[in-house]
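Dumped protein-v2.cif below, it's mmCIF, C-alpha atoms and all ligand atoms:
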```cif
data_entry
loop_
_atom_site.label_atom_id
_atom_site.label_comp_id
_atom_site.auth_asym_id
_atom_site.auth_seq_id
_atom_site.Cartn_x
_atom_site.Cartn_y
_atom_site.Cartn_z
CA MET A 1324 -32.04 178.75 220.05
CA PRO A 1325 -30.10 181.41 218.11
CA ALA A 1326 -31.97 183.87 215.89
CA ASN A 1327 -32.55 182.82 212.29
CA TYR A 1328 -32.80 185.70 209.85
CA ASP A 1329 -33.73 183.50 206.86
CA ASN A 1330 -37.35 184.68 207.03
CA SER A 1331 -36.34 188.29 206.68
CA ALA A 1332 -33.48 188.04 204.18
CA SER A 1333 -35.55 188.93 201.11
CA PHE A 1334 -36.85 192.23 202.50
CA TYR A 1335 -34.42 193.10 205.32
CA ASP A 1336 -32.57 195.89 203.52
CA LYS A 1337 -35.73 197.44 202.06
CA LEU A 1338 -37.41 197.50 205.46
CA SER A 1339 -34.33 198.96 207.09
CA ARG A 1340 -34.16 201.78 204.48
CA LEU A 1341 -37.90 202.40 204.86
CA VAL A 1342 -37.69 202.82 208.62
CA PHE A 1343 -34.23 204.35 209.03
CA GLY A 1344 -33.44 205.86 205.63
CA LYS A 1345 -29.66 205.78 205.14
CA ALA A 1346 -28.89 205.99 208.87
CA LEU A 1347 -27.95 202.33 209.38
CA VAL A 1348 -25.78 202.37 206.27
CA ASN A 1349 -24.11 205.63 207.27
CA ALA A 1350 -23.47 204.30 210.76
CA GLN A 1351 -21.77 201.16 209.44
CA THR A 1352 -19.73 202.88 206.74
CA TRP A 1353 -18.50 205.77 208.90
CA LEU A 1354 -15.40 203.99 210.23
CA LEU A 1355 -14.65 201.83 207.19
CA PRO A 1356 -12.00 204.32 205.94
CA LEU A 1357 -9.90 203.24 208.94
CA ILE A 1358 -9.37 199.76 207.50
CA PRO A 1359 -5.66 199.61 206.63
CA GLU A 1360 -4.38 198.43 203.25
CA ASN A 1361 -3.95 194.65 202.98
CA ALA A 1362 -5.68 194.12 206.32
CA LYS A 1363 -7.18 190.87 207.50
CA VAL A 1364 -10.82 191.73 208.28
CA LEU A 1365 -13.50 189.75 210.13
CA ILE A 1366 -17.17 190.65 209.57
CA VAL A 1367 -19.69 188.94 211.85
CA GLY A 1368 -23.41 189.11 211.05
CA GLY A 1369 -23.09 191.10 207.83
CA GLY A 1370 -26.69 190.36 206.76
CA THR A 1371 -27.23 190.63 202.99
CA GLY A 1372 -23.59 191.61 202.52
CA TRP A 1373 -23.96 195.17 201.22
CA ILE A 1374 -21.10 196.15 203.54
CA LEU A 1375 -18.75 194.06 201.36
CA GLU A 1376 -19.47 196.37 198.42
CA GLU A 1377 -18.90 199.47 200.56
CA ILE A 1378 -15.55 198.06 201.70
CA THR A 1379 -14.66 197.21 198.10
CA LYS A 1380 -15.31 200.83 197.05
CA LEU A 1381 -12.57 201.84 199.51
CA HIS A 1382 -10.30 198.84 198.92
CA PRO A 1383 -10.80 197.35 195.44
CA GLY A 1384 -8.23 194.71 196.35
CA GLY A 1385 -5.63 193.57 198.85
CA LEU A 1386 -7.89 192.72 201.76
CA SER A 1387 -8.37 189.28 203.18
CA ILE A 1388 -11.94 189.15 204.50
CA THR A 1389 -13.61 186.44 206.57
CA TYR A 1390 -17.37 186.89 206.37
CA ILE A 1391 -19.44 184.99 208.91
CA GLU A 1392 -23.21 184.81 208.69
CA ILE A 1393 -25.39 182.24 210.40
CA SER A 1394 -28.38 182.68 208.07
CA ALA A 1395 -28.12 180.62 204.88
CA LYS A 1396 -30.37 183.02 202.96
CA MET A 1397 -28.43 186.09 204.07
CA MET A 1398 -25.26 184.26 203.10
CA ALA A 1399 -26.58 183.40 199.63
CA LEU A 1400 -27.25 187.11 199.01
CA SER A 1401 -23.84 188.07 200.39
CA ARG A 1402 -22.01 185.70 198.05
CA LYS A 1403 -23.39 187.61 195.06
CA ARG A 1404 -21.78 190.87 196.12
CA ASN A 1405 -19.00 192.52 194.19
CA THR A 1406 -15.87 192.10 196.28
CA GLY A 1407 -13.39 193.18 193.61
CA ALA A 1408 -9.94 191.67 193.96
CA ASN A 1409 -10.30 191.14 197.69
CA GLN A 1410 -10.05 187.63 198.99
CA VAL A 1411 -13.27 186.67 200.80
CA GLU A 1412 -13.90 183.52 202.77
CA PHE A 1413 -17.62 183.02 203.42
CA ILE A 1414 -18.46 180.95 206.50
CA ASN A 1415 -22.11 180.03 206.95
CA LYS A 1416 -21.98 179.24 210.67
CA ALA A 1417 -22.48 180.86 214.04
CA VAL A 1418 -19.31 182.78 214.86
CA GLU A 1419 -18.97 180.67 218.01
CA ASP A 1420 -18.58 177.56 215.82
CA ALA A 1421 -16.39 179.02 213.10
CA GLY A 1422 -12.98 178.00 214.51
CA LEU A 1423 -11.32 181.33 213.75
CA THR A 1424 -7.65 182.23 213.94
CA ALA A 1425 -6.40 184.98 216.26
CA ASP A 1426 -4.81 187.25 213.69
CA PHE A 1427 -7.40 189.76 212.49
CA ASP A 1428 -6.41 193.41 212.09
CA VAL A 1429 -10.02 194.60 212.03
CA VAL A 1430 -13.22 193.12 213.42
CA ILE A 1431 -16.64 194.47 212.38
CA THR A 1432 -19.82 193.66 214.36
CA PRO A 1433 -22.75 195.54 212.82
CA PHE A 1434 -25.98 195.12 214.81
CA LEU A 1435 -24.85 191.69 215.93
CA PHE A 1436 -25.07 191.98 219.68
CA ASP A 1437 -28.77 192.88 219.91
CA ASN A 1438 -29.36 189.22 219.03
CA PHE A 1439 -27.92 188.13 222.36
CA THR A 1440 -29.10 188.28 225.95
CA GLU A 1441 -27.16 189.21 229.08
CA ASP A 1442 -26.54 185.45 229.49
CA THR A 1443 -25.41 184.60 225.95
CA LEU A 1444 -23.45 187.78 225.15
CA PRO A 1445 -20.27 187.09 227.21
CA GLY A 1446 -19.56 183.81 225.39
CA VAL A 1447 -19.89 185.20 221.88
CA PHE A 1448 -18.05 188.38 222.85
CA GLN A 1449 -15.05 186.53 224.23
CA HIS A 1450 -14.97 184.42 221.12
CA ILE A 1451 -14.76 187.44 218.82
CA HIS A 1452 -12.32 189.21 221.14
CA GLN A 1453 -9.88 186.30 220.82
CA THR A 1454 -9.70 186.75 217.05
CA LEU A 1455 -8.35 190.31 217.18
CA LYS A 1456 -4.60 190.91 217.02
CA PRO A 1457 -3.03 193.07 219.73
CA GLY A 1458 -3.46 196.66 218.54
CA GLY A 1459 -6.33 195.67 216.22
CA LEU A 1460 -9.45 197.75 215.52
CA TRP A 1461 -12.96 196.71 216.51
CA LEU A 1462 -15.74 198.59 214.70
CA ASN A 1463 -19.06 198.08 216.47
CA THR A 1464 -22.47 199.49 215.58
CA ASP A 1465 -25.50 198.98 217.81
CA PHE A 1466 -28.76 200.49 218.89
CA GLN A 1467 -28.73 202.31 222.22
CA LEU A 1468 -31.26 203.96 224.48
CA THR A 1469 -30.48 207.51 225.56
CA GLY A 1470 -33.73 208.28 227.35
CA LYS A 1471 -35.98 209.30 224.45
CA TRP A 1472 -39.44 207.64 224.60
CA TRP A 1473 -39.58 206.93 220.85
CA GLN A 1474 -36.28 204.99 220.99
CA TYR A 1475 -37.79 202.68 223.59
CA LEU A 1476 -40.93 202.24 221.49
CA MET A 1477 -38.97 201.54 218.31
CA LEU A 1478 -36.64 199.11 220.05
CA LYS A 1479 -39.48 197.12 221.60
CA SER A 1480 -41.35 197.03 218.25
CA MET A 1481 -38.23 195.83 216.40
CA LEU A 1482 -37.40 193.17 218.97
CA LEU A 1483 -40.98 191.93 218.93
CA PHE A 1484 -41.06 191.89 215.11
CA PHE A 1485 -37.81 189.93 214.85
CA LYS A 1486 -38.76 187.67 217.74
CA VAL A 1487 -41.94 186.59 215.95
CA LEU A 1488 -40.33 186.35 212.51
CA CYS A 1489 -36.79 185.17 213.23
CA GLY A 1490 -36.82 183.95 216.84
CA VAL A 1491 -34.54 186.72 218.16
CA PRO A 1492 -34.37 185.83 221.86
CA ALA A 1493 -33.66 189.28 223.35
CA TRP A 1494 -36.30 191.56 224.91
CA ARG A 1495 -33.79 194.27 225.72
CA LEU A 1496 -30.33 195.37 224.68
CA PRO A 1497 -27.57 193.52 226.51
CA ASP A 1498 -24.78 195.55 228.10
CA VAL A 1499 -22.19 195.47 225.32
CA GLY A 1500 -20.13 198.33 226.80
CA LYS A 1501 -19.53 196.26 229.92
CA GLN A 1502 -17.98 193.47 227.83
CA PHE A 1503 -15.66 195.87 226.02
CA SER A 1504 -14.56 197.34 229.38
CA LYS A 1505 -14.05 193.90 230.88
CA PHE A 1506 -11.57 193.01 228.15
CA GLY A 1507 -9.73 196.34 228.43
CA TYR A 1508 -11.01 198.17 225.35
CA ASP A 1509 -11.30 201.95 225.13
CA VAL A 1510 -13.58 203.90 222.82
CA THR A 1511 -11.34 205.99 220.58
CA GLU A 1512 -13.97 207.26 218.09
CA GLU A 1513 -17.72 207.54 218.41
CA LYS A 1514 -20.56 208.90 216.31
CA ARG A 1515 -24.28 208.76 216.87
CA PHE A 1516 -26.95 208.50 214.19
CA PHE A 1517 -30.75 208.67 213.95
CA GLY A 1518 -31.36 210.86 217.01
CA ASP A 1519 -28.70 209.02 219.05
CA PHE A 1520 -30.57 205.71 218.67
CA VAL A 1521 -27.67 204.22 216.72
CA VAL A 1522 -24.03 204.45 217.72
CA THR A 1523 -20.85 203.40 216.00
CA ARG A 1524 -17.73 203.13 218.09
CA LEU A 1525 -14.13 202.29 217.40
CA TYR A 1526 -12.72 200.15 220.19
CA LYS A 1527 -9.03 199.52 220.76
CA ILE A 1528 -6.93 198.19 223.57
CA THR A 1529 -4.68 201.20 224.09
CA HIS A 1530 -2.82 200.28 227.28
C1 LIG A 1601 -29.76 192.54 212.95
S1 LIG A 1601 -29.03 191.66 211.61
C2 LIG A 1601 -27.91 192.88 210.96
C3 LIG A 1601 -27.48 192.62 209.55
C4 LIG A 1601 -26.51 193.64 208.94
N1 LIG A 1601 -25.35 193.83 209.78
C5 LIG A 1601 -27.20 194.94 208.69
O1 LIG A 1601 -27.08 195.85 209.50
O2 LIG A 1601 -27.89 195.07 207.67
C6 LIG A 1601 -27.97 190.53 212.46
C7 LIG A 1601 -27.30 189.52 211.57
O3 LIG A 1601 -26.43 188.74 212.37
C8 LIG A 1601 -26.55 187.37 212.02
N2 LIG A 1601 -26.18 186.58 213.21
C9 LIG A 1601 -26.87 186.48 214.37
N3 LIG A 1601 -26.23 185.69 215.24
C10 LIG A 1601 -25.09 185.30 214.62
C11 LIG A 1601 -24.00 184.45 215.02
N4 LIG A 1601 -23.98 183.90 216.22
N5 LIG A 1601 -23.00 184.25 214.13
C12 LIG A 1601 -23.03 184.83 212.90
N6 LIG A 1601 -24.04 185.63 212.47
C13 LIG A 1601 -25.05 185.86 213.32
C14 LIG A 1601 -28.00 187.22 211.61
O4 LIG A 1601 -28.21 186.11 210.77
C15 LIG A 1601 -28.29 188.56 210.92
O5 LIG A 1601 -28.05 188.50 209.53
#
```
Could I get this file's structure written as structure tokens?
Amino acid sequence: MPANYDNSASFYDKLSRLVFGKALVNAQTWLLPLIPENAKVLIVGGGTGWILEEITKLHPGGLSITYIEISAKMMALSRKRNTGANQVEFINKAVEDAGLTADFDVVITPFLFDNFTEDTLPGVFQHIHQTLKPGGLWLNTDFQLTGKWWQYLMLKSMLLFFKVLCGVPAWRLPDVGKQFSKFGYDVTEEKRFFGDFVVTRLYKITH
């Protein structure tokens, strides 16, 4: 059973700001200036859709955005966002079932992969990988553990909270880096946030 964030949609952003301040927003907006003009952009698991407004501040128009969100309530909130003169296609499905084309210039996966286990990650990863054009940019933000005890405690508390509320199946973070390596991606930019607990990386296939 995939996670269902419907139960958390109404308070998700408030809770995130309460616990992390602006860190999760800063982490997801850090690489947005790299989106080229008139790009075709795929966003998977955008939550309440605030990222659409941040993208629109940088590109008031010209983008063609495909926004995929499996939660109907998250999607309803996302549809209300100001997207300026950008063209946005909202798809309320699991990304695996969305039947996407393989011509995206930019793919954005913000805190998507912590919803998957070591077993389910490869399938969804390959699916998203196939949508990116050769030379495209993949902007990924995730939690990570760098050996600090409080990170471990926070991660376990969050996974337990979202397991009870939304049925998130994971008990630990799956190895996302391994998937990027397997498909030949290199990290070309990286920044850490919130005491290294959050990391945003730009992945490209450079060879
Ligand atoms: C941890 S939340 C992050 C939300 C948002 N990116 C943020 O940081 O505020 C993960 C989001 O991914 C969505 N999601 C999970 N699995 C998905 C899938 N297979 N396809 C599309 N969306 C998915 C969930 O509904 C949820 O809104």
Dig up all the protein and nucleic acid residues within 12 Å of (-38.0, 190.2, 218.5) in the file frame, using all atoms listed in the file, and format them as a compact mmCIF listing (two decimals) with C-alpha atoms, in the coordinates of the input.
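Output saved as out32.txt:
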```txt
# COMPACT_ATOMS: atom_id res chain seq x y z
CA PRO A 1325 -30.10 181.41 218.11
CA ALA A 1326 -31.97 183.87 215.89
CA ASN A 1327 -32.55 182.82 212.29
CA TYR A 1328 -32.80 185.70 209.85
CA ASP A 1437 -28.77 192.88 219.91
CA ASN A 1438 -29.36 189.22 219.03
CA PHE A 1439 -27.92 188.13 222.36
CA THR A 1440 -29.10 188.28 225.95
CA MET A 1477 -38.97 201.54 218.31
CA LEU A 1478 -36.64 199.11 220.05
CA LYS A 1479 -39.48 197.12 221.60
CA SER A 1480 -41.35 197.03 218.25
CA MET A 1481 -38.23 195.83 216.40
CA LEU A 1482 -37.40 193.17 218.97
CA LEU A 1483 -40.98 191.93 218.93
CA PHE A 1484 -41.06 191.89 215.11
CA PHE A 1485 -37.81 189.93 214.85
CA LYS A 1486 -38.76 187.67 217.74
CA VAL A 1487 -41.94 186.59 215.95
CA LEU A 1488 -40.33 186.35 212.51
CA CYS A 1489 -36.79 185.17 213.23
CA GLY A 1490 -36.82 183.95 216.84
CA VAL A 1491 -34.54 186.72 218.16
CA PRO A 1492 -34.37 185.83 221.86
CA ALA A 1493 -33.66 189.28 223.35
CA TRP A 1494 -36.30 191.56 224.91
CA ARG A 1495 -33.79 194.27 225.72
CA LEU A 1496 -30.33 195.37 224.68
```
Neighbours of ligand LIG 1601 (chain A) within 7 Å, counting all atoms listed in the file, as an MDAnalysis selection string? chainID A and resid 1325:1328 1336 1347 1367:1371 1391:1394 1397 1416:1419 1433:1435 1438
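Minimum distance to Thr1529 (chain A) across A:Val1499, A:Leu1460, A:Leu1381, A:Val1411 (counting only C-alpha atoms) occurs at A:Leu1460.
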Kindly indicate which residue among A:Asp1329, A:Leu1357, A:Leu1525, A:Gln1502 lies nearest to Asp1442 (chain A), using only C-alpha atoms for the distances.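 Closest to Asp1442 (chain A), using only C-alpha atoms: A:Gln1502.
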Record the distance separating CA of Pro1445 (chain A) and CA of Ala1332 (chain A), expressed in Å with one decimal.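 Computing it gives 26.6 Å between the two atoms.
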So that I can see what lies close to Tyr1390 (chain A), please list as a PyMOL selection string the residues with an atom at most 12 Å from it, counting all atoms listed in the file and leaving out residues fewer than 6 positions away in the same chain. chain A and resi 1363-1375+1397-1399+1401-1402+1404+1406+1409-1418+1421+1423+1430-1432
Dump as an mmCIF file, in the frame of the given file, selection limited to C-alpha atoms:
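out26.cif, written as the output of this step:
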```cif
data_model
loop_
_atom_site.group_PDB
_atom_site.id
_atom_site.type_symbol
_atom_site.label_atom_id
_atom_site.label_comp_id
_atom_site.auth_asym_id
_atom_site.auth_seq_id
_atom_site.Cartn_x
_atom_site.Cartn_y
_atom_site.Cartn_z
ATOM 1 C CA LYS A 1363 -7.180 190.870 207.500
ATOM 2 C CA VAL A 1364 -10.820 191.730 208.280
ATOM 3 C CA LEU A 1365 -13.500 189.750 210.130
ATOM 4 C CA ILE A 1366 -17.170 190.650 209.570
ATOM 5 C CA VAL A 1367 -19.690 188.940 211.850
ATOM 6 C CA GLY A 1368 -23.410 189.110 211.050
ATOM 7 C CA GLY A 1369 -23.090 191.100 207.830
ATOM 8 C CA GLY A 1370 -26.690 190.360 206.760
ATOM 9 C CA THR A 1371 -27.230 190.630 202.990
ATOM 10 C CA GLY A 1372 -23.590 191.610 202.520
ATOM 11 C CA TRP A 1373 -23.960 195.170 201.220
ATOM 12 C CA ILE A 1374 -21.100 196.150 203.540
ATOM 13 C CA LEU A 1375 -18.750 194.060 201.360
ATOM 14 C CA MET A 1397 -28.430 186.090 204.070
ATOM 15 C CA MET A 1398 -25.260 184.260 203.100
ATOM 16 C CA ALA A 1399 -26.580 183.400 199.630
ATOM 17 C CA SER A 1401 -23.840 188.070 200.390
ATOM 18 C CA ARG A 1402 -22.010 185.700 198.050
ATOM 19 C CA ARG A 1404 -21.780 190.870 196.120
ATOM 20 C CA THR A 1406 -15.870 192.100 196.280
ATOM 21 C CA ASN A 1409 -10.300 191.140 197.690
ATOM 22 C CA GLN A 1410 -10.050 187.630 198.990
ATOM 23 C CA VAL A 1411 -13.270 186.670 200.800
ATOM 24 C CA GLU A 1412 -13.900 183.520 202.770
ATOM 25 C CA PHE A 1413 -17.620 183.020 203.420
ATOM 26 C CA ILE A 1414 -18.460 180.950 206.500
ATOM 27 C CA ASN A 1415 -22.110 180.030 206.950
ATOM 28 C CA LYS A 1416 -21.980 179.240 210.670
ATOM 29 C CA ALA A 1417 -22.480 180.860 214.040
ATOM 30 C CA VAL A 1418 -19.310 182.780 214.860
ATOM 31 C CA ALA A 1421 -16.390 179.020 213.100
ATOM 32 C CA LEU A 1423 -11.320 181.330 213.750
ATOM 33 C CA VAL A 1430 -13.220 193.120 213.420
ATOM 34 C CA ILE A 1431 -16.640 194.470 212.380
ATOM 35 C CA THR A 1432 -19.820 193.660 214.360
#
```
Please measure the separation of CA of Asn1361 (chain A) and CA of Lys1456 (chain A), giving the value in Å to one decimal. 14.5 Å
Calculate how many Å separate CA of Gly1446 (chain A) from CA of Lys1396 (chain A), rounding to one decimal. 24.9 Å
Let me make sure I understand: among A:Glu1360, A:Glu1376, A:Glu1441, A:Glu1512, which one has the smallest atom-to-atom distance to Asn1463 (chain A) if we use all atoms listed in the file?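 Between A:Glu1360, A:Glu1376, A:Glu1441, A:Glu1512, the residue approaching Asn1463 (chain A) most closely is A:Glu1512.
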Tell me, as a PyMOL selection string, which residues lie within 6 Å of Val1522 (chain A), counting all atoms listed in the file; anything in the same chain fewer than 2 positions away does not count. chain A and resi 1464-1465+1514-1515
I need the residue nearest Gly1470 (chain A) from this list: A:Ser1331, A:Lys1337, A:Phe1520, A:Leu1455. Use only C-alpha atoms for the distance. A:Phe1520
For region 1503-1505 of chain A, work out the shell of residues within 10 Å, counting only C-alpha atoms and skipping chain neighbours fewer than 3 positions away, then give it as JSON, numbers by chain. {"A": [1445, 1448, 1449, 1452, 1461, 1498, 1499, 1500, 1508, 1509, 1510, 1526, 1527, 1528]}
Within 8 Å of Asp1519 (chain A), counting only C-alpha atoms, which residues qualify if same-chain residues fewer than 5 places away don't, as a list in words?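 Selected residues are Gln1467, Leu1468 and Thr1469 of chain A.
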